[in-house]
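Asks: Following this line is entry.txt, made up of compact mmCIF, C-alpha atoms:
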```
# COMPACT_ATOMS: atom_id res chain seq x y z
CA MET A 251 -16.45 -6.90 -10.06
CA THR A 252 -19.74 -8.73 -9.92
CA GLN A 253 -22.51 -6.78 -8.28
CA ASP A 254 -26.24 -7.06 -7.80
CA ALA A 255 -27.59 -4.72 -10.46
CA SER A 256 -30.43 -3.70 -8.19
CA ASN A 257 -28.13 -2.58 -5.43
CA THR A 258 -24.91 -1.33 -6.96
CA PRO A 259 -22.89 0.57 -4.33
CA LYS A 260 -21.41 3.97 -5.06
CA ARG A 261 -17.72 4.03 -5.79
CA PHE A 262 -15.74 6.40 -3.58
CA ASP A 263 -13.93 8.78 -5.91
CA GLY A 264 -11.85 10.13 -3.03
CA LEU A 265 -10.24 6.75 -2.43
CA ASP A 266 -9.40 6.52 -6.13
CA THR A 267 -7.80 9.95 -5.91
CA LEU A 268 -5.67 8.91 -2.94
CA ARG A 269 -4.51 5.73 -4.65
CA ALA A 270 -3.67 7.69 -7.80
CA VAL A 271 -1.66 10.16 -5.69
CA ALA A 272 0.15 7.25 -4.03
CA ILE A 273 1.38 5.74 -7.30
CA LEU A 274 2.36 9.17 -8.66
CA LEU A 275 4.44 9.81 -5.54
CA VAL A 276 6.18 6.46 -5.90
CA PHE A 277 6.91 7.11 -9.57
CA ALA A 278 8.34 10.56 -8.81
CA TYR A 279 10.67 9.12 -6.17
CA HIS A 280 11.82 6.15 -8.22
CA TYR A 281 12.38 8.37 -11.26
CA ARG A 282 14.82 10.40 -9.24
CA VAL A 283 16.60 7.37 -7.75
CA PHE A 284 16.76 5.09 -10.79
CA VAL A 285 16.51 7.38 -13.82
CA SER A 286 17.50 11.03 -13.50
CA GLY A 287 19.51 11.18 -10.27
CA THR A 288 18.01 14.63 -9.64
CA PRO A 289 14.73 15.85 -8.08
CA THR A 290 12.97 16.05 -11.44
CA PHE A 291 9.57 16.48 -9.77
CA GLY A 292 10.72 18.81 -7.00
CA TRP A 293 9.55 17.97 -3.49
CA ALA A 294 7.67 14.91 -4.79
CA SER A 295 10.99 13.41 -5.87
CA THR A 296 12.27 13.77 -2.30
CA VAL A 297 9.28 12.54 -0.29
CA GLY A 298 7.69 10.35 -2.96
CA TRP A 299 8.65 7.21 -1.06
CA THR A 300 5.72 8.05 1.22
CA GLY A 301 3.39 6.82 -1.53
CA VAL A 302 4.03 3.33 -0.18
CA ASP A 303 2.93 4.49 3.28
CA LEU A 304 -0.31 5.79 1.77
CA PHE A 305 -0.86 2.41 0.12
CA PHE A 306 -0.39 0.75 3.53
CA VAL A 307 -3.03 2.95 5.15
CA LEU A 308 -5.45 2.36 2.28
CA SER A 309 -4.91 -1.39 2.51
CA GLY A 310 -5.49 -1.32 6.26
CA TYR A 311 -8.84 0.37 5.74
CA LEU A 312 -10.02 -1.55 2.68
CA ILE A 313 -9.16 -5.02 3.99
CA GLY A 314 -10.27 -4.18 7.52
CA ASN A 315 -13.58 -2.86 6.22
CA GLN A 316 -14.21 -5.97 4.14
CA LEU A 317 -13.71 -8.19 7.18
CA PHE A 318 -15.38 -6.05 9.83
CA ALA A 319 -18.42 -5.24 7.69
CA GLY A 320 -19.30 -8.92 7.42
CA ILE A 321 -18.54 -9.67 11.06
CA ALA A 322 -20.67 -6.74 12.21
CA LYS A 323 -23.56 -8.30 10.26
CA GLY A 324 -23.08 -11.65 11.98
CA LYS A 325 -21.41 -13.41 9.05
CA THR A 326 -18.76 -16.11 9.51
CA LEU A 327 -15.37 -15.39 8.00
CA SER A 328 -13.95 -18.08 5.71
CA LEU A 329 -10.17 -18.16 5.83
CA LYS A 330 -10.07 -20.31 2.71
CA ALA A 331 -12.19 -17.87 0.73
CA PHE A 332 -10.27 -14.86 2.00
CA TYR A 333 -6.87 -16.28 1.14
CA ILE A 334 -7.98 -17.51 -2.29
CA ARG A 335 -9.36 -14.07 -3.07
CA ARG A 336 -6.14 -12.41 -1.93
CA LEU A 337 -3.97 -14.77 -3.97
CA LEU A 338 -6.03 -14.31 -7.12
CA ARG A 339 -5.84 -10.55 -6.60
CA THR A 340 -2.09 -10.21 -6.00
CA LEU A 341 -0.18 -13.20 -7.37
CA PRO A 342 -0.81 -13.16 -11.15
CA ASN A 343 0.76 -9.73 -11.74
CA TYR A 344 3.49 -10.49 -9.26
CA TYR A 345 4.44 -13.82 -10.82
CA VAL A 346 4.61 -12.34 -14.32
CA VAL A 347 7.00 -9.58 -13.26
CA LEU A 348 8.98 -11.95 -11.05
CA ALA A 349 9.41 -14.41 -13.93
CA LEU A 350 10.74 -11.61 -16.15
CA TYR A 351 13.28 -10.59 -13.51
CA PHE A 352 14.67 -14.13 -13.33
CA ALA A 353 14.42 -14.87 -17.06
CA LEU A 354 15.82 -11.52 -18.26
CA PRO A 355 17.89 -10.07 -15.41
CA THR A 356 20.08 -7.90 -17.66
CA VAL A 357 17.12 -6.38 -19.48
CA MET A 358 15.18 -5.81 -16.26
CA GLY A 359 17.95 -3.93 -14.50
CA GLY A 360 21.21 -5.81 -14.70
CA ARG A 361 21.42 -6.72 -11.03
CA PRO A 362 20.99 -10.17 -9.51
CA PRO A 363 17.80 -10.71 -7.53
CA PRO A 364 17.73 -12.38 -4.11
CA PRO A 365 17.01 -16.14 -4.05
CA LEU A 366 13.70 -17.11 -5.62
CA TRP A 367 12.37 -18.69 -2.42
CA ARG A 368 12.53 -15.30 -0.71
CA PHE A 369 10.06 -13.93 -3.24
CA LEU A 370 7.82 -17.01 -3.20
CA THR A 371 7.55 -16.94 0.59
CA PHE A 372 7.15 -13.15 0.74
CA THR A 373 10.16 -12.80 3.03
CA GLN A 374 12.31 -10.91 0.51
CA ASN A 375 11.98 -7.72 2.55
CA LEU A 376 13.59 -9.18 5.67
CA GLY A 377 17.23 -8.10 5.80
CA LEU A 378 16.96 -6.76 2.24
CA GLN A 379 19.94 -4.76 1.01
CA PRO A 380 19.20 -1.77 -1.26
CA GLY A 381 20.12 -2.10 -4.90
CA THR A 382 19.07 -5.69 -5.57
CA ALA A 383 16.78 -6.53 -8.47
CA PHE A 384 13.03 -6.22 -7.85
CA SER A 385 13.76 -4.58 -4.52
CA HIS A 386 10.46 -2.69 -4.65
CA ALA A 387 8.65 -5.99 -3.99
CA TRP A 388 9.48 -5.37 -0.32
CA SER A 389 6.22 -3.50 0.23
CA LEU A 390 4.19 -6.29 -1.37
CA CYS A 391 5.83 -8.74 1.03
CA ILE A 392 4.69 -6.67 3.99
CA GLU A 393 1.18 -6.38 2.53
CA GLU A 394 0.97 -10.16 2.07
CA GLN A 395 2.12 -10.66 5.65
CA PHE A 396 -0.62 -8.28 6.75
CA TYR A 397 -3.22 -10.20 4.70
CA LEU A 398 -2.06 -13.42 6.34
CA LEU A 399 -2.15 -12.19 9.92
CA LEU A 400 -5.17 -9.88 10.16
CA PRO A 401 -7.92 -12.50 9.59
CA LEU A 402 -6.10 -14.94 11.88
CA LEU A 403 -6.03 -12.35 14.66
CA ILE A 404 -9.70 -11.56 14.12
CA LEU A 405 -10.73 -15.24 14.20
CA GLY A 406 -8.56 -15.78 17.28
CA ALA A 407 -10.28 -12.89 19.05
CA LEU A 408 -13.71 -14.24 18.07
CA HIS A 409 -12.85 -17.75 19.19
CA PHE A 410 -11.34 -16.95 22.57
CA GLY A 411 -13.42 -13.89 23.34
CA GLY A 412 -16.75 -15.06 22.00
CA SER A 413 -17.19 -11.69 20.29
CA LEU A 414 -14.89 -8.83 19.39
CA SER A 415 -14.43 -6.78 22.53
CA LYS A 416 -14.35 -3.19 21.36
CA ARG A 417 -12.22 -1.99 24.22
CA ALA A 418 -9.77 -4.87 23.87
CA ALA A 419 -9.53 -4.31 20.11
CA TRP A 420 -8.78 -0.61 20.51
CA PHE A 421 -6.27 -1.34 23.27
CA ALA A 422 -4.49 -3.91 21.10
CA LEU A 423 -4.40 -1.58 18.11
CA THR A 424 -3.01 1.32 20.14
CA SER A 425 -0.45 -0.95 21.81
CA LEU A 426 0.79 -2.22 18.45
CA ILE A 427 1.27 1.31 17.13
CA LEU A 428 3.23 2.23 20.25
CA ALA A 429 5.27 -0.97 19.91
CA GLY A 430 6.23 -0.01 16.35
CA ILE A 431 7.31 3.43 17.53
CA ALA A 432 9.33 1.98 20.40
CA LEU A 433 11.06 -0.59 18.19
CA ARG A 434 12.15 2.02 15.65
CA GLY A 435 13.42 4.20 18.48
CA VAL A 436 15.55 1.37 19.84
CA LEU A 437 16.88 0.34 16.43
CA TRP A 438 17.75 3.92 15.53
CA PHE A 439 20.59 3.90 18.08
CA GLN A 440 22.19 1.01 16.20
CA TYR A 441 21.34 1.84 12.59
CA GLY A 442 20.21 5.47 12.41
CA GLN A 443 23.49 7.32 12.31
CA GLU A 444 26.11 6.87 9.63
CA PRO A 445 29.64 7.05 11.01
CA GLY A 446 31.75 7.89 8.00
CA GLY A 447 28.65 7.89 5.82
CA VAL A 448 28.96 4.18 5.01
CA ASP A 449 26.38 2.51 7.27
CA ARG A 450 23.79 0.66 5.17
CA GLY A 451 21.98 -0.90 8.10
CA TYR A 452 19.01 1.49 8.14
CA TYR A 453 17.20 0.05 5.13
CA PRO A 454 17.41 -3.69 5.90
CA ASN A 455 16.73 -3.27 9.61
CA ILE A 456 14.24 -0.39 9.71
CA TYR A 457 12.93 0.85 6.36
CA TYR A 458 12.23 -2.56 4.81
CA SER A 459 11.46 -4.33 8.09
CA SER A 460 7.99 -5.75 8.64
CA PHE A 461 8.37 -5.15 12.36
CA CYS A 462 9.08 -1.45 11.83
CA ARG A 463 6.39 -0.79 9.21
CA PHE A 464 3.38 -2.91 10.26
CA ASP A 465 1.97 -0.12 12.39
CA GLU A 466 1.23 1.93 9.26
CA PHE A 467 -1.66 -0.36 8.36
CA LEU A 468 -3.28 0.18 11.74
CA PRO A 469 -4.71 3.71 11.33
CA GLY A 470 -6.57 2.33 8.30
CA VAL A 471 -7.77 -0.64 10.34
CA ALA A 472 -8.89 1.83 13.03
CA ILE A 473 -11.07 3.65 10.48
CA ALA A 474 -12.69 0.34 9.53
CA MET A 475 -13.32 -0.48 13.19
CA LEU A 476 -14.85 2.93 13.82
CA LYS A 477 -17.08 2.63 10.77
CA ASN A 478 -18.41 -0.84 11.52
CA PHE A 479 -18.46 -1.09 15.31
CA HIS A 480 -19.26 2.51 16.26
CA PRO A 481 -21.81 3.58 13.61
CA ARG A 482 -23.24 6.54 15.53
CA LEU A 483 -19.80 8.00 16.20
CA TRP A 484 -18.84 7.30 12.59
CA GLU A 485 -21.80 9.32 11.32
CA ARG A 486 -20.66 12.25 13.44
CA VAL A 487 -17.07 11.91 12.22
CA ILE A 488 -17.93 11.90 8.51
CA GLY A 489 -20.11 14.93 9.15
CA TRP A 490 -16.91 16.90 9.73
CA GLY A 491 -15.61 16.24 6.22
CA ARG A 492 -14.25 19.69 5.45
CA ALA A 493 -12.49 20.00 8.79
CA THR A 494 -11.05 16.49 8.45
CA LEU A 495 -9.74 17.24 4.97
CA ALA A 496 -8.16 20.48 6.14
CA ALA A 497 -6.52 18.72 9.09
CA GLY A 498 -5.29 15.90 6.87
CA VAL A 499 -3.81 18.24 4.28
CA LEU A 500 -2.10 20.42 6.90
CA ALA A 501 -0.71 17.39 8.73
CA THR A 502 0.53 15.81 5.50
CA VAL A 503 2.16 19.01 4.23
CA GLY A 504 3.81 19.57 7.61
CA LEU A 505 5.19 16.06 7.70
CA PHE A 506 6.38 16.29 4.10
CA TYR A 507 8.36 19.40 5.10
CA LEU A 508 9.88 17.65 8.11
CA LEU A 509 10.69 14.52 6.11
CA ALA A 510 12.28 16.54 3.32
CA ASN A 511 14.55 18.35 5.78
CA TYR A 512 15.06 16.10 8.79
CA TYR A 513 14.42 12.50 7.73
CA TYR A 514 17.87 12.10 6.22
CA ILE A 515 20.62 14.57 7.11
CA GLU A 516 23.70 14.54 4.92
CA GLY A 517 26.79 13.38 6.81
CA TYR A 518 24.77 12.51 9.90
CA GLY A 519 22.25 9.87 8.99
CA TYR A 520 18.56 9.48 9.70
CA GLY A 521 16.87 11.74 12.23
CA PHE A 522 15.79 10.12 15.48
CA ALA A 523 12.41 11.84 15.73
CA MET A 524 11.45 11.23 12.11
CA THR A 525 12.52 7.59 12.31
CA THR A 526 10.84 6.90 15.63
CA PHE A 527 7.59 8.86 15.23
CA GLY A 528 7.58 9.96 11.60
CA TYR A 529 6.23 6.78 10.02
CA SER A 530 3.34 6.50 12.48
CA LEU A 531 2.50 10.20 12.30
CA LEU A 532 2.54 10.05 8.52
CA ALA A 533 0.15 7.09 8.57
CA CYS A 534 -2.18 9.01 10.90
CA ALA A 535 -2.09 12.05 8.59
CA PHE A 536 -2.95 9.83 5.64
CA ALA A 537 -5.72 8.25 7.70
CA LEU A 538 -7.31 11.69 8.07
CA LEU A 539 -7.32 11.96 4.28
CA VAL A 540 -8.96 8.53 4.03
CA VAL A 541 -11.69 9.65 6.43
CA ALA A 542 -12.13 12.80 4.35
CA ALA A 543 -12.44 10.64 1.23
CA LEU A 544 -15.36 8.87 2.92
CA SER A 545 -17.03 12.04 4.18
CA PRO A 546 -19.80 13.48 1.92
CA GLY A 547 -19.05 17.08 2.93
CA SER A 548 -15.43 16.86 1.81
CA LEU A 549 -14.16 18.05 -1.56
CA LEU A 550 -12.08 14.89 -1.71
CA TYR A 551 -15.33 12.91 -1.61
CA ARG A 552 -17.31 15.10 -4.01
CA VAL A 553 -14.75 15.94 -6.70
CA ARG A 554 -14.01 13.28 -9.28
CA VAL A 555 -10.52 13.89 -10.64
CA PRO A 556 -10.34 12.95 -14.34
CA GLY A 557 -8.23 9.85 -14.85
CA ALA A 558 -7.87 9.08 -11.14
CA ALA A 559 -10.15 6.03 -11.25
CA SER A 560 -8.17 4.48 -14.11
CA LEU A 561 -4.83 5.28 -12.49
CA ALA A 562 -6.09 3.78 -9.23
CA ALA A 563 -7.23 0.61 -10.99
CA TRP A 564 -3.87 0.23 -12.72
CA SER A 565 -1.79 1.28 -9.70
CA TYR A 566 -0.80 -2.22 -8.55
CA ALA A 567 0.33 -3.23 -12.04
CA ILE A 568 2.15 0.08 -12.50
CA TYR A 569 3.89 -0.32 -9.14
CA LEU A 570 5.25 -3.74 -10.03
CA SER A 571 6.36 -2.91 -13.58
CA HIS A 572 7.40 0.75 -13.63
CA LYS A 573 11.00 0.37 -12.46
CA PRO A 574 12.16 -2.15 -15.08
CA LEU A 575 10.20 -0.34 -17.79
CA ALA A 576 11.81 2.97 -16.82
CA HIS A 577 15.22 1.29 -16.92
CA VAL A 578 14.62 -0.14 -20.39
CA ALA A 579 13.18 3.12 -21.73
CA ARG A 580 16.07 5.17 -20.35
CA LYS A 581 18.61 2.90 -22.04
CA GLN A 582 16.81 3.16 -25.35
CA LEU A 583 16.48 6.95 -25.16
CA GLU A 584 20.07 7.76 -24.16
CA PRO A 585 21.47 7.83 -27.72
CA TRP A 586 18.77 10.24 -28.84
CA GLY A 587 19.90 13.08 -26.58
CA LEU A 588 16.38 14.26 -25.84
CA GLY A 589 15.62 17.03 -23.39
CA GLU A 590 14.47 16.32 -19.88
CA GLY A 591 10.82 17.12 -20.59
CA SER A 592 10.61 14.75 -23.56
CA THR A 593 12.42 12.00 -21.67
CA VAL A 594 10.07 12.27 -18.70
CA ALA A 595 7.00 12.21 -20.93
CA ILE A 596 8.13 9.17 -22.89
CA ILE A 597 9.21 7.16 -19.84
CA ALA A 598 5.98 8.04 -18.01
CA ALA A 599 3.96 6.96 -21.05
CA VAL A 600 5.88 3.68 -21.29
CA CYS A 601 5.28 2.94 -17.58
CA LEU A 602 1.61 3.82 -17.90
CA LEU A 603 1.17 1.63 -20.98
CA GLY A 604 3.04 -1.27 -19.39
CA GLY A 605 0.91 -1.05 -16.26
CA TRP A 606 -2.28 -0.95 -18.32
CA LEU A 607 -1.25 -3.99 -20.35
CA LEU A 608 -0.43 -5.96 -17.20
CA HIS A 609 -3.72 -4.91 -15.62
CA ARG A 610 -5.78 -5.63 -18.73
CA PHE A 611 -4.35 -8.98 -19.79
CA VAL A 612 -3.18 -10.52 -16.50
CA GLU A 613 -4.86 -8.88 -13.54
CA THR A 614 -8.39 -8.42 -14.95
CA PRO A 615 -8.98 -12.03 -16.09
CA PHE A 616 -7.99 -13.36 -12.68
CA MET A 617 -10.13 -10.76 -10.94
CA ARG A 618 -13.10 -11.96 -12.98
CA LEU A 619 -12.27 -15.56 -12.15
CA ARG A 620 -12.10 -14.66 -8.48
CA ASP A 621 -15.39 -12.81 -8.49
CA ARG A 622 -17.11 -15.62 -10.37
CA HIS A 623 -16.01 -18.48 -8.12
CA HIS A 624 -15.17 -16.77 -4.82
CA PRO A 625 -17.41 -13.69 -4.60
CA THR A 626 -17.20 -13.20 -0.84
CA ASN A 627 -14.84 -13.59 2.12
CA PHE A 628 -17.59 -15.19 4.20
CA HIS A 629 -19.40 -18.49 4.41
CA THR A 630 -22.65 -18.27 2.45
CA ALA A 631 -25.65 -20.47 1.82
CA VAL A 632 -25.84 -22.30 -1.52
CA GLY A 633 -26.74 -19.81 -4.25
CA ALA A 634 -26.07 -16.79 -2.07
CA GLY A 635 -22.65 -16.14 -3.61
CA ALA A 636 -24.15 -14.77 -6.78
CA ARG A 637 -25.80 -12.02 -4.78
CA GLN A 638 -22.58 -10.93 -3.06
CA THR A 639 -20.52 -8.03 -4.29
CA SER A 640 -16.95 -8.99 -5.03
CA GLU A 641 -15.00 -6.73 -2.71
CA THR A 642 -17.15 -3.68 -2.41
CA LEU A 643 -19.09 -4.16 0.78
CA ALA A 644 -19.27 -0.39 1.08
CA GLY A 645 -18.47 0.64 -2.47
CA GLU A 646 -14.71 0.94 -2.03
CA PRO A 647 -12.40 0.11 -4.94
CA SER A 648 -11.38 -3.53 -5.00
CA ARG A 649 -8.16 -4.61 -3.31
```
Now, as a test, write the supplied structure out as structure tokens.

Replies:
Amino acid sequence: MTQDASNTPKRFDGLDTLRAVAILLVFAYHYRVFVSGTPTFGWASTVGWTGVDLFFVLSGYLIGNQLFAGIAKGKTLSLKAFYIRRLLRTLPNYYVVLALYFALPTVMGGRPPPPLWRFLTFTQNLGLQPGTAFSHAWSLCIEEQFYLLLPLLILGALHFGGSLSKRAAWFALTSLILAGIALRGVLWFQYGQEPGGVDRGYYPNIYYSSFCRFDEFLPGVAIAMLKNFHPRLWERVIGWGRATLAAGVLATVGLFYLLANYYYIEGYGYGFAMTTFGYSLLACAFALLVVAALSPGSLLYRVRVPGAASLAAWSYAIYLSHKPLAHVARKQLEPWGLGEGSTVAIIAAVCLLGGWLLHRFVETPFMRLRDRHHPTNFHTAVGAGARQTSETLAGEPSR
């Protein structure tokens, strides 16, 4: 990241901690599903899929804050700059892993991937059946769709409304969350239960669906709106850091318990309440943790967890590469007959090393290129770009 040395913003350690937790949850879940077949990491192996939901909330806040912070200061958003910055941030890692899946399908997992055009257009998640190669790219597809739509919606509101109407924005955000809840409720009646235990319609039509998961970005967007358009209220909110953290932890733990016991019920299918409301409630619980991470009185804000910043920085690369690396490592370790502890440690180390290599030699050079040539999402006067921070308008980790 390029920053003005005279005005370097503080990095929020709490956001790094949350991102590190998110990738650890995902690893714990995928280890159970694709490596051990058992809950090796206990409850984290069961509810670890929620790490993706935490990533969605973080993305909603980080991208929303980047856009709203500039708009609140009267800057003009540049769609070209925004999209170039997003592409340089997300595509290099993605293309490297994607190329390996198509060049070495047996090594990478042994299953055929969907057609290439589905990955290139970021529509792979639509109607996706579980078990295909590089299936975990579904969440990246939804993120890219979010990156495409959010600035367009903001510019549309600015164009037709003259300025962002706060009431209209909050009404639209609330309506979209309720629409996501309603859609999942309707679809549950068709895909939620499993007559005979053979219905596979839940994942392609609900779990992987953009229409059923988009609302999880919105609590993060709401935090960004509150921070930038209601500064006095925001100052009061972040003054309640300890209470917010306690509420977020209690809400998250409670939802983890409900998800572990009532999200999927053996022989019955997926629970109606957890399908309809669970995703949105989980996103709101995570949003409380994001607010706590931004609140100076919160332990999440004040405590720097050793290694969390590095794990957060590598999290995108780890997410993309950990499944094929775990598959390869498991195959190589099988003849050795190692114990579970040694196997976990080695596979985790391989995934961590692979993520670091991808981050260091693919992601980082393109991030530097982006920050050198496209340092801001907004139109700037000639020479002003060098004074802009790359993606840290408020000191948040780059996305």

Asks: By how many Å are CA of Phe372 in chain A and CA of Tyr397 in chain A apart?

Replies: 11.5 Å

Asks: Restricting the calculation to only C-alpha atoms, which member of A:Gly292, A:Pro556, A:Gly591, A:Gly301 is positioned closest to Ala533 in chain A?

Replies: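 Using only C-alpha atoms, the shortest distance to Ala533 in chain A belongs to A:Gly301.
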
Asks: I'd like the interatomic distance between CA of Gly298 in chain A and CA of Tyr512 in chain A, to a tenth of an Å.

Replies: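 Computing the Euclidean distance for CA of Gly298 in chain A and CA of Tyr512 in chain A yields 15.0 Å.
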
Asks: Which residue is closest to Gly442 in chain A? Choose from A:Tyr520, A:Tyr551, A:Phe277, A:Phe628 and count all atoms listed in the file.

Replies: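 Selected residue with least distance to Gly442 in chain A: A:Tyr520.
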
Asks: Tell me which protein, DNA and RNA residues are within 12 Å of Val357 in chain A, counting all atoms listed in the file, leaving out same-chain ones fewer than 3 positions away, and put them as a ChimeraX atom specification.

Replies: /A:350-354,360-362,383,573-582

Asks: Rounded to one decimal place, report the CA of Leu468 in chain A-CA of Val307 in chain A distance in Å.

Replies: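 CA of Val307 in chain A lies 7.2 Å from CA of Leu468 in chain A.
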
Asks: Can you pull out every residue within 9 Å of Val594 in chain A, counting all atoms listed in the file, but drop anything in the same chain fewer than 5 positions away, and send it as a list in words?

Replies: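 Once the adjacent positions are removed, what remains is Tyr281, Thr290, Gly589 and Ala599 of chain A.
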
Asks: Please determine, counting all atoms listed in the file, which residue among A:Glu584, A:Glu394, A:Asp621, A:Asp266 has the shortest atom-to-atom distance to Phe464 in chain A.

Replies: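 Of the candidates, the smallest distance to Phe464 in chain A is held by A:Glu394.
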
Asks: Which residue is closest to Glu613 in chain A? Choose from A:Trp484, A:Tyr518, A:Tyr344, A:Phe332 and count all atoms listed in the file.

Replies: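 Distance minimum relative to Glu613 in chain A lands on A:Tyr344.
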
Asks: Please provide as a list in words all residues within 10 Å of Leu583 in chain A, with the sequence filter that same-chain residues fewer than 3 positions apart are discarded (counting all atoms listed in the file).

Replies: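 In the requested form, the answer reads Val578, Ala579, Arg580, Trp586, Gly587, Leu588, Ser592, Thr593, Ile596 and Ile597 of chain A.
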
Asks: Can you work out which one of A:Gly314, A:Gly504, A:Gly491, A:Gly320 has the shortest atom-to-atom distance to Val297 in chain A, counting all atoms listed in the file?

Replies: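 Answer, going by the shortest atom-to-atom distance: A:Gly504.
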
Asks: Between A:Thr525, A:Thr630, A:Ser425, A:Ser530, which residue has the minimum interatomic distance to Thr502 in chain A, considering all atoms listed in the file?

Replies: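 Nearest to Thr502 in chain A: A:Ser530.
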
Asks: Reconstruct N, CA and C atoms of range 485-500 of chain A; output as a compact mmCIF listing (two decimals), in the coordinates of the input.

Replies:
```txt
# COMPACT_ATOMS: atom_id res chain seq x y z
N GLU A 485 -20.96 8.34 12.01
CA GLU A 485 -21.80 9.32 11.32
C GLU A 485 -21.44 10.74 11.73
N ARG A 486 -21.10 10.92 12.99
CA ARG A 486 -20.66 12.25 13.44
C ARG A 486 -19.32 12.61 12.82
N VAL A 487 -18.41 11.65 12.76
CA VAL A 487 -17.07 11.91 12.22
C VAL A 487 -17.13 12.31 10.76
N ILE A 488 -17.88 11.57 9.94
CA ILE A 488 -17.93 11.90 8.51
C ILE A 488 -18.76 13.16 8.25
N GLY A 489 -19.43 13.64 9.28
CA GLY A 489 -20.11 14.93 9.15
C GLY A 489 -19.15 16.10 9.23
N TRP A 490 -17.92 15.84 9.63
CA TRP A 490 -16.91 16.90 9.73
C TRP A 490 -15.95 16.82 8.54
N GLY A 491 -16.45 16.52 7.38
CA GLY A 491 -15.61 16.24 6.22
C GLY A 491 -14.65 17.35 5.86
N ARG A 492 -15.13 18.59 5.83
CA ARG A 492 -14.25 19.69 5.45
C ARG A 492 -13.15 19.91 6.47
N ALA A 493 -13.50 19.83 7.74
CA ALA A 493 -12.49 20.00 8.79
C ALA A 493 -11.47 18.86 8.75
N THR A 494 -11.95 17.64 8.51
CA THR A 494 -11.05 16.49 8.45
C THR A 494 -10.09 16.62 7.28
N LEU A 495 -10.61 17.05 6.13
CA LEU A 495 -9.74 17.24 4.97
C LEU A 495 -8.70 18.31 5.24
N ALA A 496 -9.11 19.41 5.83
CA ALA A 496 -8.16 20.48 6.14
C ALA A 496 -7.08 19.99 7.10
N ALA A 497 -7.49 19.26 8.12
CA ALA A 497 -6.52 18.72 9.09
C ALA A 497 -5.57 17.74 8.42
N GLY A 498 -6.12 16.88 7.56
CA GLY A 498 -5.29 15.90 6.87
C GLY A 498 -4.28 16.54 5.94
N VAL A 499 -4.71 17.55 5.20
CA VAL A 499 -3.81 18.24 4.28
C VAL A 499 -2.71 18.97 5.06
N LEU A 500 -3.10 19.69 6.11
CA LEU A 500 -2.10 20.42 6.90
C LEU A 500 -1.10 19.47 7.54
```
